[in-house]
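Chemist: Quick one: structure below, then a few questions.
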Amino acid sequence: MKKITLLFLLVFSQTIFSFSKITETEKLAATCKVWGFLKYYHPKVANGQVNWDEQLFIVLPKIEIASTKEEYSEVIEKWIDELGEVPASKPLADDPKRDYFNKNLNLEWTQKNKLFTKSLANKLKFINDNRFQGVNYYVNRDGKQGVPLQFTNELEYPEFQWTDKNLRILAFFRFWNYVEYFFPYKYVMDQNWDEALAEIIPQIANPKSEKEFLLAMREISIKLNDSHAATTNMEMLKYLGGEKYPAFSTKLVDNKSVITSLANDSLAKIDDLKIGDVITKLDGVSIKEKVDDFSKYMQGSNEAVVAGNANFVMFTGNNDEFEIEFIRDNVTSVKKVHRYSNEKIKRAPSKNPTKKWEILDNNIGVVRMNKVPKEDIARMMEELKNTQSIIFDVRVRPAYTDFLVSDYLNSEPKPILRLLYQDLSYPGRYYFNNEMQECGKINADYYKGKVIVLVNSGTFSFGEQTAMSLQTAPNATVIGTQTSGADGPNYFFKIIKGFDSSFTSSGVFYPNKKETQRIGIVPNITVKPTLLAVQQGKDEVFERALLFAKTGK
């Protein structure tokens, strides 16, 4: 009798477990993944025969009333069946000459999701095995707009309102799947992308306010840990910072904000501001706490970039005044300072404009790469060819010189980097371009002095590639701090009306496949700014470069 009772209880408990309730978050997360998978894998969806947005709007109410795994799977299976039969087809054979990259490709969820019955899992597997192989209606890689990746044929929905749940979900589903299948650096993000999906969905499906929805759309893009990646919206700006700015700029050092420049003397006098003032609190909150609070919504591949962006945004706002605690001459004071609209801040020109290039004492050349246009390269290198060292400052975005400087620094062509592209025949998979990007040329009379490259978190994207090209010189040394760590082409795209976004669209690696994303260009000599030096207006990185140029140490 006891055995029969135990057997009954076991069967009963398994039945209860099998038909246990499922949450809205679980259903929407699973639907997001299925919707994106079918969008890029199902032949009739991927070739544009179906209005896939409309199909989402049709299935969402059915999903909402499903209360068990079995009911949910039945809804999804019927949805797939109504698309029509998927013809059996053999996927294109892998190109033996291609170097494939699979770190982002993971479709195990189609077989292991807790909401899927075996029947549904089998259906998804069949679609994967017989996936669409043609030109995808929703994505291509023609590069016509300057970047290889392009999202296409996405309706903008000019009537979009944040109160429309269907459109909120659509916008979120679009973005999540863009990243799932086409962001090359998904595998190095801090948070698992599935976990980010489950975390943010409640704020999209049932936000308490417009603010919560807007910041959720921002936050999901920040989770890419990519200095190129951020979603923006005009209304969002009033919650992130504001439309008014202080009349000064600061640099974050040791969890304090040091005033490094003033817009002009007249505005500085109004608030009695001075270069070198050290701000320790903003509206009664420590600078560190402020940076931490804003970092959740600030893009950046690494902590230095995130903190720098937070340091800028936290001083903006919609109010005309804010309070600072600051230190001047070892005295701590508190006072109110003003914000202004951008139009009212008349920025005075620099009192000490810098030259494009020059030769300093000890026959040391200096090149400010942000000021040198392509057409000046030949004349510049001719003037600098007899120097003992050349310091190339790449801390501000360089002009587009197409790596021409390296023609004068190398005796022969050198590989700089290799690019990683999306394999649109198998969304989620990537491949390395067969041809590595090179710089330099055959040049017996190449520059044989020291090549010194200055970098910091302002060395960003093309600046990082420029630094990589300069690193190919035989006698190159990189000095400074970690760079931005977002080295590929930035793709700007619209998610839905009012929501613009972006992310790094192609992977950039060193020729040996060493990553640059998040890591950036690693200095040979690290020089971190100190509070005192920033107050005194010293450029410690440049001073260290001069010492190295003179001594080799």
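Labels for the structure tokens follow display order: chains A, B, ..., residues from 1 in each chain, ligands from 1.
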Can you pull out every residue within 7 Å of range 120-122 of chain A, counting only C-alpha atoms, but drop anything in the same chain fewer than 2 positions away, and send it as number ranges by chain?
Modeler: A: 73, 77, 110-111, 116-118, 124-126
Chemist: Please save N, CA and C atoms of the selected residues as a compact mmCIF listing (two decimals), in the first residue's frame.
Modeler:
# COMPACT_ATOMS: atom_id res chain seq x y z
N SER A 73 4.02 26.17 -25.85
CA SER A 73 4.61 25.49 -27.01
C SER A 73 3.59 25.26 -28.11
N GLU A 77 4.13 26.48 -31.86
CA GLU A 77 4.12 25.49 -32.94
C GLU A 77 3.09 25.85 -34.00
N THR A 110 17.39 26.33 -28.40
CA THR A 110 16.25 25.79 -29.15
C THR A 110 15.90 24.38 -28.69
N GLN A 111 16.85 23.71 -28.03
CA GLN A 111 16.63 22.34 -27.58
C GLN A 111 16.46 22.24 -26.06
N PHE A 116 9.84 24.84 -23.84
CA PHE A 116 9.63 24.14 -25.11
C PHE A 116 9.36 22.65 -24.88
N THR A 117 8.31 22.16 -25.52
CA THR A 117 8.08 20.72 -25.56
C THR A 117 9.07 20.11 -26.56
N LYS A 118 9.18 18.79 -26.52
CA LYS A 118 10.08 18.10 -27.44
C LYS A 118 9.66 18.34 -28.88
N LEU A 124 12.16 23.52 -34.28
CA LEU A 124 13.20 24.55 -34.37
C LEU A 124 14.50 23.97 -34.92
N LYS A 125 14.80 22.74 -34.53
CA LYS A 125 16.01 22.08 -35.04
C LYS A 125 15.91 21.87 -36.54
N PHE A 126 14.74 21.47 -37.01
CA PHE A 126 14.57 21.26 -38.44
C PHE A 126 14.77 22.56 -39.21
Chemist: Per DSSP on the backbone, what are the strand (DSSP E or B) residues of range 458-537 of chain A, as number ranges by chain?
Modeler: A: 476-480, 490-496, 499-504, 507-509, 515, 525-526
Chemist: Write the residues you've just listed into a file as a PDB file, in the first residue's frame, and include C-alpha atoms for each of them.
Modeler:
ATOM      1  CA  ALA A 476      57.888  51.767 -31.699  1.00  0.00           C
ATOM      2  CA  THR A 477      56.903  52.355 -28.060  1.00  0.00           C
ATOM      3  CA  VAL A 478      53.380  53.133 -26.815  1.00  0.00           C
ATOM      4  CA  ILE A 479      53.092  55.408 -23.769  1.00  0.00           C
ATOM      5  CA  GLY A 480      49.985  56.408 -21.801  1.00  0.00           C
ATOM      6  CA  ASN A 490      30.620  52.043 -35.824  1.00  0.00           C
ATOM      7  CA  TYR A 491      27.232  51.243 -37.332  1.00  0.00           C
ATOM      8  CA  PHE A 492      24.439  53.755 -36.613  1.00  0.00           C
ATOM      9  CA  PHE A 493      20.900  52.474 -37.076  1.00  0.00           C
ATOM     10  CA  LYS A 494      17.321  53.277 -36.108  1.00  0.00           C
ATOM     11  CA  ILE A 495      15.452  50.757 -33.947  1.00  0.00           C
ATOM     12  CA  ILE A 496      12.061  52.412 -34.278  1.00  0.00           C
ATOM     13  CA  PHE A 499      15.265  55.516 -30.991  1.00  0.00           C
ATOM     14  CA  ASP A 500      18.672  55.680 -32.619  1.00  0.00           C
ATOM     15  CA  SER A 501      21.361  53.212 -31.696  1.00  0.00           C
ATOM     16  CA  SER A 502      24.786  51.956 -32.697  1.00  0.00           C
ATOM     17  CA  PHE A 503      27.448  49.356 -32.028  1.00  0.00           C
ATOM     18  CA  THR A 504      30.771  48.142 -33.363  1.00  0.00           C
ATOM     19  CA  GLY A 507      35.565  42.791 -35.264  1.00  0.00           C
ATOM     20  CA  VAL A 508      39.132  44.117 -35.294  1.00  0.00           C
ATOM     21  CA  PHE A 509      41.977  41.885 -34.159  1.00  0.00           C
ATOM     22  CA  GLU A 515      41.634  41.016 -29.343  1.00  0.00           C
ATOM     23  CA  ILE A 525      54.877  52.318 -20.562  1.00  0.00           C
ATOM     24  CA  THR A 526      51.829  53.179 -18.441  1.00  0.00           C
TER      25      THR A 526
END
Chemist: Show which residues sit within 8 Å of Asn102 in chain A, as number ranges by chain. Count only C-alpha atoms, and ignore same-chain residues fewer than 5 positions away.
Modeler: A: 428-430
Chemist: Measure the distance from CA of Thr280 in chain A to CA of Gly300 in chain A in Å and round it to one decimal.
Modeler: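 Pair CA of Thr280 in chain A / CA of Gly300 in chain A returns 23.3 Å.
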Chemist: May I have the residues within 10 Å of Lys114 in chain A as a VMD selection string, using only C-alpha atoms and disregarding those fewer than 6 positions away in the same chain?
Modeler: chain A and resid 22 26 30 69
Chemist: Would you save the residues from that selection as a PDB file, in the first residue's frame, using C-alpha atoms?
Modeler:
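This is the output file selection_31.pdb:
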ATOM      1  CA  ILE A  22       5.024  30.092 -16.312  1.00  0.00           C
ATOM      2  CA  GLU A  26       9.736  33.683 -19.213  1.00  0.00           C
ATOM      3  CA  ALA A  30      11.418  32.796 -25.070  1.00  0.00           C
ATOM      4  CA  LYS A  69       4.749  24.982 -20.966  1.00  0.00           C
TER       5      LYS A  69
END
